[in-house]
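K.L.:
What follows is run38.cif; its format and atoms are mmCIF, C-alpha atoms.
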data_work
loop_
_atom_site.label_atom_id
_atom_site.label_comp_id
_atom_site.auth_asym_id
_atom_site.auth_seq_id
_atom_site.Cartn_x
_atom_site.Cartn_y
_atom_site.Cartn_z
CA MET C 1 39.74 -1.39 -40.37
CA ARG C 2 36.19 -2.76 -40.24
CA ALA C 3 37.56 -6.21 -39.44
CA ILE C 4 39.55 -4.84 -36.49
CA LYS C 5 36.51 -2.91 -35.29
CA ASN C 6 34.37 -6.01 -35.48
CA ILE C 7 36.94 -8.08 -33.61
CA VAL C 8 37.08 -5.50 -30.83
CA PHE C 9 33.30 -5.29 -30.82
CA LEU C 10 32.95 -9.04 -30.51
CA LEU C 11 35.47 -9.11 -27.68
CA ILE C 12 33.38 -6.52 -25.91
CA ILE C 13 30.24 -8.59 -26.48
CA LEU C 14 31.89 -11.65 -24.99
CA CYS C 15 32.54 -9.67 -21.86
CA ILE C 16 29.04 -8.30 -21.68
CA GLY C 17 26.05 -10.12 -20.30
CA ARG C 18 25.41 -10.80 -16.73
CA PRO C 19 28.07 -8.94 -14.76
CA VAL C 20 29.25 -12.13 -13.11
CA LEU C 21 32.93 -12.80 -12.89
CA SER C 22 33.72 -16.33 -11.82
CA GLN C 23 30.43 -17.80 -10.72
CA GLN C 24 27.67 -19.08 -12.94
CA VAL C 25 24.20 -17.94 -12.01
CA THR C 26 20.82 -18.97 -13.32
CA THR C 27 17.42 -17.90 -12.13
CA SER C 28 14.15 -19.68 -12.38
CA PRO C 29 12.20 -18.11 -13.92
CA ALA C 30 14.82 -16.72 -16.25
CA VAL C 31 13.16 -13.30 -16.07
CA PHE C 32 11.29 -12.23 -13.00
CA THR C 33 9.48 -9.35 -11.38
CA ALA C 34 9.84 -8.28 -7.79
CA GLU C 35 6.66 -10.17 -6.94
CA ASP C 36 7.64 -13.46 -8.56
CA GLU C 37 8.97 -16.38 -6.62
CA VAL C 38 12.47 -16.80 -8.01
CA THR C 39 15.05 -19.49 -7.35
CA PHE C 40 18.71 -18.56 -7.72
CA THR C 41 21.17 -21.31 -8.58
CA ILE C 42 24.78 -20.26 -8.10
CA ASP C 43 27.91 -22.23 -8.86
CA VAL C 44 30.72 -20.83 -6.72
CA THR C 45 33.49 -22.73 -8.45
CA GLY C 46 36.42 -20.36 -8.86
CA THR C 47 35.40 -18.10 -5.98
CA ASP C 48 36.48 -17.90 -2.32
CA LEU C 49 33.64 -20.30 -1.51
CA GLU C 50 34.82 -23.13 -3.73
CA GLY C 51 35.13 -26.20 -1.51
CA TYR C 52 33.58 -24.35 1.43
CA THR C 53 31.85 -26.72 3.84
CA ALA C 54 30.34 -24.46 6.52
CA GLU C 55 27.02 -22.64 6.27
CA VAL C 56 26.56 -20.05 3.54
CA TRP C 57 24.29 -17.01 3.63
CA ILE C 58 22.84 -14.82 0.89
CA TRP C 59 23.48 -11.08 1.11
CA THR C 60 21.01 -9.22 -1.06
CA TRP C 61 20.04 -5.65 -1.84
CA VAL C 62 18.13 -3.49 -4.28
CA ALA C 63 21.07 -2.38 -6.35
CA ASN C 64 19.47 0.77 -7.69
CA LEU C 65 18.86 2.11 -4.17
CA PRO C 66 21.58 3.71 -2.05
CA GLU C 67 23.10 1.77 0.83
CA PRO C 68 21.80 0.87 3.33
CA GLU C 69 18.31 1.72 2.10
CA GLY C 70 18.33 -1.13 -0.41
CA ASP C 71 19.62 -3.79 1.99
CA ALA C 72 17.63 -6.85 2.98
CA PRO C 73 16.83 -7.06 6.71
CA THR C 74 19.00 -10.19 6.86
CA ASN C 75 22.13 -8.31 5.74
CA VAL C 76 23.95 -8.66 9.05
CA ASN C 77 27.65 -9.43 9.40
CA PRO C 78 28.66 -11.67 11.01
CA ALA C 79 25.45 -13.65 10.45
CA THR C 80 23.69 -15.14 13.46
CA ASP C 81 20.80 -17.54 13.95
CA ASP C 82 18.53 -14.53 13.58
CA GLN C 83 19.47 -14.45 9.90
CA SER C 84 18.63 -18.12 9.31
CA ALA C 85 16.09 -17.04 6.66
CA ALA C 86 19.07 -16.08 4.51
CA LEU C 87 20.78 -19.48 4.68
CA VAL C 88 21.24 -21.00 1.23
CA THR C 89 20.94 -24.67 0.34
CA ARG C 90 24.02 -26.57 -0.76
CA ASN C 91 23.46 -29.07 -3.56
CA SER C 92 24.05 -32.59 -2.26
CA GLU C 93 25.53 -33.78 -5.55
CA ASN C 94 27.67 -30.75 -6.27
CA PRO C 95 28.71 -28.95 -3.07
CA ASN C 96 29.83 -25.90 -5.03
CA VAL C 97 26.27 -25.24 -6.22
CA TYR C 98 23.82 -23.39 -4.00
CA THR C 99 20.16 -22.50 -4.37
CA PHE C 100 17.93 -19.96 -2.72
CA THR C 101 14.29 -19.14 -3.30
CA MET C 102 12.63 -15.85 -2.48
CA VAL C 103 9.95 -13.40 -3.47
CA PRO C 104 12.04 -10.20 -3.63
CA THR C 105 9.40 -7.83 -2.28
CA ALA C 106 8.71 -10.09 0.67
CA PHE C 107 12.32 -10.97 1.43
CA LEU C 108 13.68 -7.46 1.19
CA GLY C 109 10.58 -5.71 2.50
CA LYS C 110 10.49 -3.26 -0.41
CA ASP C 111 7.81 -2.11 -2.82
CA PRO C 112 7.78 -3.58 -6.34
CA ALA C 113 8.40 -0.12 -7.80
CA ASP C 114 11.73 0.04 -5.92
CA PHE C 115 13.23 -2.78 -7.92
CA ILE C 116 15.20 -2.25 -11.09
CA GLU C 117 18.21 -4.41 -10.28
CA LEU C 118 18.77 -7.00 -7.56
CA GLY C 119 22.20 -7.60 -6.10
CA ILE C 120 23.23 -10.83 -4.40
CA ILE C 121 26.39 -12.20 -2.83
CA LEU C 122 26.94 -15.58 -1.24
CA LYS C 123 29.15 -15.43 1.85
CA GLY C 124 30.30 -17.35 4.86
CA ARG C 125 29.20 -16.32 8.30
CA ASP C 126 31.71 -13.48 8.22
CA TRP C 127 33.11 -11.65 5.18
CA GLY C 128 36.50 -13.04 6.07
CA ASP C 129 35.22 -16.61 5.64
CA GLY C 130 34.82 -16.09 1.92
CA GLN C 131 32.35 -14.68 -0.55
CA THR C 132 31.40 -14.50 -4.19
CA SER C 133 31.67 -11.30 -6.15
CA ASN C 134 28.61 -9.09 -6.68
CA ILE C 135 25.87 -10.63 -8.79
CA LEU C 136 23.53 -8.09 -10.35
CA LEU C 137 20.26 -9.26 -11.87
CA PRO C 138 17.68 -7.19 -13.78
CA VAL C 139 14.16 -7.16 -12.33
CA GLN C 140 11.24 -6.88 -14.75
CA PRO C 141 8.86 -4.02 -14.05
CA LEU C 142 5.25 -4.73 -13.11
CA ILE C 143 4.02 -2.07 -15.47
CA PHE C 144 4.84 -2.04 -19.14
CA VAL C 145 7.87 0.10 -19.88
CA PRO C 146 8.74 0.56 -23.58
CA THR C 147 12.35 -0.22 -24.34
CA GLU C 148 14.64 -0.02 -27.33
CA ASN C 149 14.83 -3.83 -27.48
CA ARG C 150 12.02 -6.11 -26.40
CA ASN C 151 11.35 -9.83 -26.80
CA PHE C 152 7.87 -11.33 -27.03
CA PRO C 153 6.87 -13.26 -25.10
CA VAL C 154 9.01 -12.15 -22.18
CA LYS C 155 9.17 -15.75 -20.91
CA PHE C 156 9.66 -18.49 -23.49
CA THR C 157 11.32 -21.86 -23.87
CA GLN C 158 13.76 -22.79 -26.59
CA ASP C 159 10.90 -24.57 -28.38
CA ASP C 160 8.74 -21.46 -28.58
CA ILE C 161 8.47 -18.85 -31.29
CA VAL C 162 10.05 -15.67 -29.95
CA THR C 163 9.88 -12.29 -31.60
CA LEU C 164 12.71 -9.80 -31.13
CA ASN C 165 11.50 -6.22 -31.41
CA TYR C 166 13.22 -2.92 -32.00
CA ASP C 167 11.71 0.50 -31.34
CA GLN C 168 13.49 3.22 -33.34
CA SER C 169 11.80 5.93 -31.26
CA LEU C 170 13.90 4.71 -28.34
CA ALA C 171 17.06 4.09 -30.34
CA SER C 172 20.36 4.56 -28.56
CA ASN C 173 21.69 6.65 -31.43
CA ALA C 174 20.32 8.79 -34.23
CA ALA C 175 21.95 6.72 -36.95
CA VAL C 176 20.02 3.53 -36.23
CA ALA C 177 16.85 5.56 -35.63
CA SER C 178 16.90 6.74 -39.23
CA GLN C 179 17.37 3.37 -40.96
CA ASP C 180 14.68 2.16 -43.37
CA GLU C 181 15.89 -1.40 -43.18
CA LEU C 182 17.35 -3.39 -40.30
CA TYR C 183 18.96 -6.77 -39.86
CA VAL C 184 19.62 -8.69 -36.66
CA TYR C 185 22.93 -10.02 -35.44
CA LEU C 186 22.27 -13.02 -33.17
CA PHE C 187 24.43 -14.80 -30.65
CA TYR C 188 23.47 -17.37 -28.06
CA THR C 189 24.60 -19.16 -24.91
CA VAL C 190 23.97 -22.88 -24.60
CA ARG C 191 24.60 -25.65 -22.09
CA ARG C 192 25.89 -28.74 -23.89
CA VAL C 193 24.97 -32.28 -23.02
CA ASP C 194 28.21 -32.73 -21.05
CA GLY C 195 27.32 -29.73 -18.87
CA THR C 196 29.74 -27.26 -20.38
CA VAL C 197 28.41 -23.84 -21.26
CA ASP C 198 29.35 -22.17 -24.52
CA THR C 199 28.83 -18.44 -24.28
CA ASP C 200 27.85 -15.91 -26.95
CA ILE C 201 28.13 -18.12 -30.01
CA PRO C 202 27.36 -16.07 -33.14
CA TYR C 203 24.62 -17.50 -35.33
CA THR C 204 26.61 -16.13 -38.23
CA ALA C 205 29.55 -13.79 -38.50
CA TRP C 206 28.92 -10.06 -38.29
CA ASP C 207 29.95 -9.58 -41.91
CA ASN C 208 27.39 -12.16 -43.12
CA VAL C 209 24.35 -10.65 -41.40
CA GLY C 210 23.47 -8.13 -44.09
CA SER C 211 23.30 -10.85 -46.74
CA SER C 212 21.29 -13.31 -44.63
CA GLU C 213 17.65 -13.02 -45.62
CA GLU C 214 16.48 -14.93 -42.54
CA LEU C 215 18.00 -12.17 -40.39
CA LYS C 216 16.22 -9.31 -42.12
CA ALA C 217 13.78 -7.66 -39.73
CA THR C 218 10.18 -7.01 -40.72
CA ASP C 219 9.19 -3.36 -40.84
CA GLN C 220 6.02 -3.22 -38.76
CA GLY C 221 5.64 0.51 -39.35
CA ASN C 222 6.09 3.55 -37.14
CA GLY C 223 9.72 2.71 -36.44
CA TRP C 224 8.96 -0.78 -35.13
CA PHE C 225 10.99 -3.66 -36.52
CA SER C 226 10.78 -7.31 -35.58
CA LEU C 227 12.34 -10.69 -36.23
CA SER C 228 10.63 -13.94 -35.23
CA ILE C 229 12.65 -17.08 -34.66
CA LEU C 230 12.22 -20.61 -33.37
CA PRO C 231 15.46 -21.05 -31.40
CA THR C 232 15.78 -24.84 -31.58
CA ASP C 233 15.44 -24.68 -35.35
CA LEU C 234 17.57 -21.63 -36.03
CA PHE C 235 20.47 -22.54 -33.74
CA GLU C 236 20.28 -26.23 -34.69
CA LEU C 237 20.42 -27.42 -31.10
CA GLU C 238 21.14 -31.08 -30.51
CA ALA C 239 18.92 -33.23 -28.30
CA GLY C 240 19.71 -32.54 -24.65
CA GLU C 241 21.26 -29.13 -25.28
CA GLN C 242 19.72 -26.27 -23.36
CA LEU C 243 19.63 -22.74 -24.67
CA ILE C 244 20.19 -20.22 -21.89
CA ARG C 245 20.25 -16.80 -23.50
CA ILE C 246 19.85 -15.10 -26.87
CA GLY C 247 21.72 -11.88 -27.53
CA TYR C 248 20.77 -9.64 -30.42
CA ILE C 249 21.69 -6.37 -32.10
CA PHE C 250 19.52 -4.61 -34.66
CA ARG C 251 21.81 -3.05 -37.29
CA ASN C 252 21.89 -1.94 -40.88
CA ALA C 253 22.93 -4.23 -43.72
CA ALA C 254 26.43 -2.78 -43.90
CA GLY C 255 27.00 -3.31 -40.18
CA ASP C 256 28.29 0.20 -39.53
CA VAL C 257 25.18 1.32 -37.69
CA GLU C 258 23.74 -0.62 -34.77
CA GLY C 259 21.49 -0.31 -31.76
CA SER C 260 22.10 -1.44 -28.21
CA ILE C 261 22.54 -5.08 -27.34
CA GLY C 262 19.33 -6.88 -26.45
CA GLU C 263 19.09 -9.98 -24.30
CA ALA C 264 16.35 -12.60 -24.17
CA PHE C 265 16.63 -15.17 -21.38
CA VAL C 266 15.22 -18.63 -21.97
CA THR C 267 12.86 -20.13 -19.43
CA ILE C 268 14.00 -23.61 -18.50
CA LEU C 269 11.23 -25.91 -17.32
CA ASN C 270 11.89 -28.68 -14.79
CA MET P 1 -75.46 -21.04 7.29
CA LYS P 2 -75.08 -17.67 5.73
CA LYS P 3 -71.35 -17.72 6.67
CA LEU P 4 -70.88 -21.18 5.10
CA ASN P 5 -72.48 -20.05 1.87
CA LYS P 6 -70.19 -17.04 1.91
CA TYR P 7 -67.11 -19.29 2.18
CA LYS P 8 -68.42 -21.57 -0.54
CA SER P 9 -68.84 -18.60 -2.84
CA LEU P 10 -65.32 -17.42 -2.06
CA ALA P 11 -63.83 -20.84 -2.72
CA LEU P 12 -65.71 -21.16 -6.00
CA SER P 13 -64.49 -17.70 -7.04
CA LEU P 14 -60.93 -18.69 -6.30
CA VAL P 15 -61.19 -21.87 -8.34
CA ILE P 16 -62.71 -20.03 -11.29
CA THR P 17 -59.98 -17.39 -11.07
CA MET P 18 -57.21 -20.00 -10.97
CA VAL P 19 -58.61 -21.83 -13.98
CA ALA P 20 -58.90 -18.57 -15.86
CA LEU P 21 -55.31 -17.57 -15.02
CA GLN P 22 -53.93 -20.95 -16.04
CA GLY P 23 -54.58 -20.04 -19.64
CA CYS P 24 -52.53 -16.86 -19.27
CA ILE P 25 -49.39 -18.47 -17.85
CA ASP P 26 -46.83 -19.26 -20.54
CA GLU P 27 -45.50 -22.77 -20.65
CA ALA P 28 -41.82 -22.99 -19.57
CA PRO P 29 -39.76 -23.27 -22.74
CA ASP P 30 -38.30 -26.64 -23.55
CA ILE P 31 -34.59 -26.72 -22.56
CA GLY P 32 -33.87 -29.03 -25.48
CA GLU P 33 -31.65 -32.05 -25.78
CA PRO P 34 -28.34 -32.23 -23.86
CA PHE P 35 -25.40 -30.75 -25.83
CA ASP P 36 -23.17 -33.65 -26.90
CA ARG P 37 -19.79 -31.94 -26.81
CA LEU P 38 -17.78 -35.02 -27.73
CA SER P 39 -19.61 -35.69 -30.97
CA ASN P 40 -19.21 -32.01 -31.84
CA LEU P 41 -15.47 -32.26 -31.20
CA ALA P 42 -15.11 -35.20 -33.56
CA GLY P 43 -14.15 -34.48 -37.12
CA THR P 44 -11.42 -32.79 -39.07
CA TRP P 45 -10.54 -29.23 -38.17
CA GLU P 46 -8.54 -26.75 -40.24
CA LEU P 47 -6.54 -24.05 -38.54
CA GLN P 48 -7.61 -20.52 -39.39
CA LYS P 49 -5.65 -18.50 -36.87
CA LEU P 50 -2.92 -19.02 -34.31
CA THR P 51 -2.30 -16.44 -31.59
CA LEU P 52 0.64 -16.44 -29.18
CA ASN P 53 -0.28 -14.94 -25.81
CA ASP P 54 2.08 -13.65 -23.13
CA GLU P 55 -0.05 -14.79 -20.19
CA ASP P 56 1.99 -12.73 -17.75
CA ALA P 57 1.34 -9.56 -19.76
CA VAL P 58 -2.36 -10.45 -19.95
CA ARG P 59 -2.57 -10.80 -16.15
CA LYS P 60 -0.81 -7.48 -15.66
CA GLY P 61 -3.06 -5.69 -18.13
CA PHE P 62 -0.20 -4.57 -20.35
CA PRO P 63 -1.00 -2.89 -23.68
CA ALA P 64 -2.63 -5.19 -26.22
CA PHE P 65 0.37 -5.29 -28.55
CA VAL P 66 2.50 -6.94 -25.84
CA GLN P 67 -0.26 -9.30 -24.71
CA SER P 68 -0.90 -11.19 -27.93
CA VAL P 69 0.57 -11.57 -31.39
CA ASP P 70 -1.04 -13.23 -34.41
CA ILE P 71 1.61 -15.71 -35.58
CA THR P 72 -0.54 -17.46 -38.22
CA ASN P 73 1.66 -16.37 -41.11
CA LEU P 74 5.05 -16.92 -39.49
CA TYR P 75 4.97 -20.57 -40.47
CA PRO P 76 2.56 -22.60 -42.67
CA PHE P 77 0.07 -22.82 -39.81
CA THR P 78 -2.94 -22.59 -42.16
CA ASP P 79 -1.87 -26.01 -43.47
CA VAL P 80 -2.39 -27.47 -40.00
CA SER P 81 -5.34 -29.78 -39.52
CA LEU P 82 -6.52 -31.82 -36.55
CA THR P 83 -8.68 -34.94 -36.84
CA LEU P 84 -10.44 -36.31 -33.77
CA ASN P 85 -12.13 -39.71 -34.09
CA LEU P 86 -14.63 -41.44 -31.84
CA ASP P 87 -15.12 -45.16 -31.41
CA GLU P 88 -18.39 -47.02 -31.84
CA GLU P 89 -19.47 -46.09 -28.32
CA GLY P 90 -18.89 -42.43 -29.03
CA ASN P 91 -15.76 -42.21 -26.90
CA PRO P 92 -12.45 -40.60 -27.94
CA SER P 93 -10.29 -42.97 -29.95
CA THR P 94 -7.62 -41.82 -32.41
CA PHE P 95 -6.31 -38.46 -33.57
CA GLU P 96 -4.12 -37.18 -36.35
CA VAL P 97 -2.34 -33.88 -36.75
CA ASN P 98 -1.20 -32.66 -40.13
CA THR P 99 1.48 -30.16 -39.17
CA GLY P 100 2.04 -28.80 -42.67
CA GLY P 101 5.67 -28.35 -41.67
CA ALA P 102 4.81 -25.85 -38.95
CA PRO P 103 5.87 -26.24 -35.30
CA ASN P 104 3.56 -28.74 -33.62
CA TYR P 105 2.45 -27.75 -30.13
CA PHE P 106 0.12 -30.73 -29.87
CA GLY P 107 3.30 -32.68 -29.18
CA ALA P 108 2.38 -35.72 -31.27
CA GLU P 109 1.13 -36.33 -34.80
CA SER P 110 -1.07 -39.36 -34.24
CA GLY P 111 -2.24 -41.77 -31.61
CA SER P 112 -5.01 -41.93 -29.07
CA TRP P 113 -6.72 -39.04 -27.37
CA SER P 114 -8.82 -38.65 -24.26
CA VAL P 115 -10.61 -35.94 -22.29
CA ASP P 116 -10.76 -35.14 -18.61
CA ASP P 117 -14.58 -35.21 -18.53
CA LEU P 118 -16.70 -37.00 -21.14
CA GLY P 119 -19.68 -34.77 -20.50
CA ALA P 120 -17.96 -31.41 -20.21
CA PRO P 121 -14.39 -31.72 -21.42
CA ALA P 122 -12.00 -28.94 -20.49
CA GLU P 123 -8.80 -30.75 -21.44
CA ILE P 124 -7.90 -32.87 -24.43
CA ASN P 125 -4.98 -35.20 -23.80
CA PHE P 126 -2.92 -36.46 -26.75
CA ALA P 127 -1.09 -39.66 -25.90
CA GLY P 128 2.64 -39.09 -26.22
CA GLY P 129 1.98 -35.40 -26.70
CA ASN P 130 0.62 -32.44 -24.82
CA THR P 131 -2.58 -31.54 -23.02
CA ILE P 132 -4.65 -28.96 -24.83
CA GLU P 133 -7.20 -26.81 -23.04
CA LEU P 134 -10.67 -26.37 -24.45
CA THR P 135 -11.26 -22.72 -23.65
CA THR P 136 -14.89 -22.36 -24.81
CA TYR P 137 -17.79 -24.30 -26.30
CA LEU P 138 -19.04 -21.21 -28.09
CA GLY P 139 -19.32 -21.92 -31.78
CA LEU P 140 -18.67 -25.64 -31.40
CA THR P 141 -22.07 -26.63 -32.81
CA GLU P 142 -21.50 -24.21 -35.71
CA GLY P 143 -18.16 -25.77 -36.58
CA ALA P 144 -15.77 -23.49 -34.71
CA LEU P 145 -13.23 -24.84 -32.21
CA THR P 146 -10.86 -22.83 -30.03
CA VAL P 147 -8.20 -24.62 -27.99
CA LYS P 148 -5.04 -23.55 -26.17
CA PHE P 149 -1.68 -25.08 -25.47
CA VAL P 150 -0.47 -23.42 -22.26
CA ARG P 151 2.99 -23.42 -20.72
CA TYR P 152 3.23 -23.28 -16.95
CA GLU P 153 5.91 -22.64 -14.37
CA THR P 154 5.63 -24.54 -11.10
CA ARG P 155 6.36 -22.70 -7.88
CA SER P 156 7.93 -24.20 -4.79
CA ASN P 157 4.48 -24.63 -3.19
CA GLY P 158 3.28 -26.61 -6.21
CA ASP P 159 1.18 -23.80 -7.71
CA ARG P 160 1.26 -23.63 -11.50
CA VAL P 161 1.39 -20.24 -13.15
CA SER P 162 0.89 -19.87 -16.89
CA PHE P 163 3.38 -17.74 -18.78
CA LEU P 164 2.48 -18.26 -22.42
CA SER P 165 -0.12 -19.94 -24.58
CA TYR P 166 -0.80 -20.81 -28.20
CA GLU P 167 -4.45 -20.21 -29.03
CA TYR P 168 -5.69 -22.26 -32.02
CA GLU P 169 -8.85 -21.26 -33.86
CA PHE P 170 -10.15 -24.07 -36.06
CA VAL P 171 -13.08 -24.46 -38.40
CA LYS P 172 -14.57 -27.82 -39.22
CA GLN P 173 -14.00 -29.20 -42.69
#
What do you get writing this file as structure tokens?
P.N.:
Amino acid sequence: MRAIKNIVFLLIILCIGRPVLSQQVTTSPAVFTAEDEVTFTIDVTGTDLEGYTAEVWIWTWVANLPEPEGDAPTNVNPATDDQSAALVTRNSENPNVYTFTMVPTAFLGKDPADFIELGIILKGRDWGDGQTSNILLPVQPLIFVPTENRNFPVKFTQDDIVTLNYDQSLASNAAVASQDELYVYLFYTVRRVDGTVDTDIPYTAWDNVGSSEELKATDQGNGWFSLSILPTDLFELEAGEQLIRIGYIFRNAAGDVEGSIGEAFVTILN
Amino acid sequence: MKKLNKYKSLALSLVITMVALQGCIDEAPDIGEPFDRLSNLAGTWELQKLTLNDEDAVRKGFPAFVQSVDITNLYPFTDVSLTLNLDEEGNPSTFEVNTGGAPNYFGAESGSWSVDDLGAPAEINFAGGNTIELTTYLGLTEGALTVKFVRYETRSNGDRVSFLSYEYEFVKQ
């Protein structure tokens, strides 16, 4: 029964992450606030825009605000020359890859406090010309907001020591809030040397976590648990491989009690 | 004639007063010899403490526990030592890092090193490795050295913005 539950759980995990269907999206920096300059890189392979050769615009909005309050001023359909600020750049080597750089507060004309989630779509001049599906991206707050899961530092490379933290006072359920001991289930997404991306690879199977000493979280006191890792070492990355994201779940040794899924996005330096 | 004698008396009074005051004015303290920072950098340094800073959190004034974390005991960082050698002219020559098996953010274990300014170095460059920032001279003459390895993001306008740093606190062997 537990095995079936774990299989279902893992299938759910594989479907969770960025709510992107066909397109691959990366941001630089990997995590950003509304006041950061952020570059979106979007691969539209598998969408209506695959092979598209005409101009492409970005349609963007503050996803946690109601329409049309959250819309960028450039959200006009069909797009005209007046919306040239929303034109995205097609990659000369891979015409299905587009980039766009913005400072969200400036581009959308909203206050930093308005941003919790940013939505973007790439589209042709008119909706009928083709578009991607909705891309929703979390925006880091400018003030510190305690969360159930937290990684330190917020921005890190795969060669940096990163600490995954769990706050039982903010636990998603009473069962995990009452545990005296926690372990961490880890899974990661990596771009291989040949460019392929392997998503949500478990560091070790769910059933092995409770017997893996290196995955036992340190009790920092007052309901705060942490696990520090060096990603390149722990995940045994080969030269040229690029870690993209670390997923984690704080759980008990038996694996029948767990917290919410945490995500730590790796900063990729040029 | 009477007026001239009056001025002579006044001038003499002034001279006497100035001579008398000269004895009351303290001599300006000696500023001492120039501080030779390079020779104070040279030597073998043992790591006492390593702090990881979230530079973004520091800039935003977040609570202290999300600004910095002492990571000294996460790996054998107290086994780390750094040796900086000078040549016969007193210029930077070779360096050696004993990593003790801990992650090495100097980027290289041996080779040549240089500084950005021989008189007032702010950066130490390790050939084949990273650039380390010399954050303060405080304590240097007493055998304490604090340096930082900083990671930066580069914006589209070329500006560099730090997002994390490793702050090394050494004591001289």
K.L.:
Figure out the distance between atom CA of P:Gly119 and atom CA of P:Asp36, please, to one decimal in Å.
P.N.:
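Going from atom CA of P:Asp36 over to atom CA of P:Gly119, I get 7.4 Å.
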K.L.:
Figure out the distance between atom CA of P:Arg151 and atom CA of C:Ser28, please, to one decimal in Å.
P.N.:
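Going from atom CA of C:Ser28 over to atom CA of P:Arg151 covers 14.4 Å.
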K.L.:
Given the file above and the PyMOL selection byres ((chain P and resi 133) around 8), which residues are selected, and can you give them as a PyMOL selection string?
P.N.:
chain P and resi 122-124+131-132+134-135+147-150
K.L.:
At what distance in Å, to one decimal, does atom CA of C:Val103 lie from atom CA of C:Gly128?
P.N.:
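Rounded to one decimal, the two atoms are 28.2 Å apart.
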K.L.:
Could the residues of chain P within 8 Å of chain C, counting all atoms listed in the file, be given as a list in words, please?
P.N.:
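Within 8 Å of chain C on chain P, we get Asn53, Asp54, Lys60, Phe62, Pro63, Val66, Leu74, Glu153, Arg155, Phe163 and Leu164 of chain P.
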K.L.:
Name the residues that the PyMOL selection byres ((chain C and resi 110-117) around 12) picks from the file above, as a ChimeraX atom specification, using the file's chain letters and numbers.
P.N.:
/C:18-19,31-36,60-66,69-73,103-109,118-120,134-143,145
K.L.:
How about saving the chosen residues, C-alpha atoms kept, as a PDB file, in the frame of the given file?
P.N.:
ATOM      1  CA  ARG C  18      25.410 -10.800 -16.730  1.00  0.00           C
ATOM      2  CA  PRO C  19      28.070  -8.940 -14.760  1.00  0.00           C
ATOM      3  CA  VAL C  31      13.160 -13.300 -16.070  1.00  0.00           C
ATOM      4  CA  PHE C  32      11.290 -12.230 -13.000  1.00  0.00           C
ATOM      5  CA  THR C  33       9.480  -9.350 -11.380  1.00  0.00           C
ATOM      6  CA  ALA C  34       9.840  -8.280  -7.790  1.00  0.00           C
ATOM      7  CA  GLU C  35       6.660 -10.170  -6.940  1.00  0.00           C
ATOM      8  CA  ASP C  36       7.640 -13.460  -8.560  1.00  0.00           C
ATOM      9  CA  THR C  60      21.010  -9.220  -1.060  1.00  0.00           C
ATOM     10  CA  TRP C  61      20.040  -5.650  -1.840  1.00  0.00           C
ATOM     11  CA  VAL C  62      18.130  -3.490  -4.280  1.00  0.00           C
ATOM     12  CA  ALA C  63      21.070  -2.380  -6.350  1.00  0.00           C
ATOM     13  CA  ASN C  64      19.470   0.770  -7.690  1.00  0.00           C
ATOM     14  CA  LEU C  65      18.860   2.110  -4.170  1.00  0.00           C
ATOM     15  CA  PRO C  66      21.580   3.710  -2.050  1.00  0.00           C
ATOM     16  CA  GLU C  69      18.310   1.720   2.100  1.00  0.00           C
ATOM     17  CA  GLY C  70      18.330  -1.130  -0.410  1.00  0.00           C
ATOM     18  CA  ASP C  71      19.620  -3.790   1.990  1.00  0.00           C
ATOM     19  CA  ALA C  72      17.630  -6.850   2.980  1.00  0.00           C
ATOM     20  CA  PRO C  73      16.830  -7.060   6.710  1.00  0.00           C
ATOM     21  CA  VAL C 103       9.950 -13.400  -3.470  1.00  0.00           C
ATOM     22  CA  PRO C 104      12.040 -10.200  -3.630  1.00  0.00           C
ATOM     23  CA  THR C 105       9.400  -7.830  -2.280  1.00  0.00           C
ATOM     24  CA  ALA C 106       8.710 -10.090   0.670  1.00  0.00           C
ATOM     25  CA  PHE C 107      12.320 -10.970   1.430  1.00  0.00           C
ATOM     26  CA  LEU C 108      13.680  -7.460   1.190  1.00  0.00           C
ATOM     27  CA  GLY C 109      10.580  -5.710   2.500  1.00  0.00           C
ATOM     28  CA  LEU C 118      18.770  -7.000  -7.560  1.00  0.00           C
ATOM     29  CA  GLY C 119      22.200  -7.600  -6.100  1.00  0.00           C
ATOM     30  CA  ILE C 120      23.230 -10.830  -4.400  1.00  0.00           C
ATOM     31  CA  ASN C 134      28.610  -9.090  -6.680  1.00  0.00           C
ATOM     32  CA  ILE C 135      25.870 -10.630  -8.790  1.00  0.00           C
ATOM     33  CA  LEU C 136      23.530  -8.090 -10.350  1.00  0.00           C
ATOM     34  CA  LEU C 137      20.260  -9.260 -11.870  1.00  0.00           C
ATOM     35  CA  PRO C 138      17.680  -7.190 -13.780  1.00  0.00           C
ATOM     36  CA  VAL C 139      14.160  -7.160 -12.330  1.00  0.00           C
ATOM     37  CA  GLN C 140      11.240  -6.880 -14.750  1.00  0.00           C
ATOM     38  CA  PRO C 141       8.860  -4.020 -14.050  1.00  0.00           C
ATOM     39  CA  LEU C 142       5.250  -4.730 -13.110  1.00  0.00           C
ATOM     40  CA  ILE C 143       4.020  -2.070 -15.470  1.00  0.00           C
ATOM     41  CA  VAL C 145       7.870   0.100 -19.880  1.00  0.00           C
TER      42      VAL C 145
END
K.L.:
Got a sec: who's within 6 Å of C:Ile121, counting only C-alpha atoms, leaving out chain neighbours fewer than 4 positions off, as a list in words?
P.N.:
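Here the answer would be Ile58, Trp59, Thr132 and Asn134 of chain C.
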K.L.:
Let me know the residues the PyMOL selection byres ((chain C and resi 203) around 6) catches in the file above, as a PyMOL selection string.
P.N.:
chain C and resi 186-187+202+204
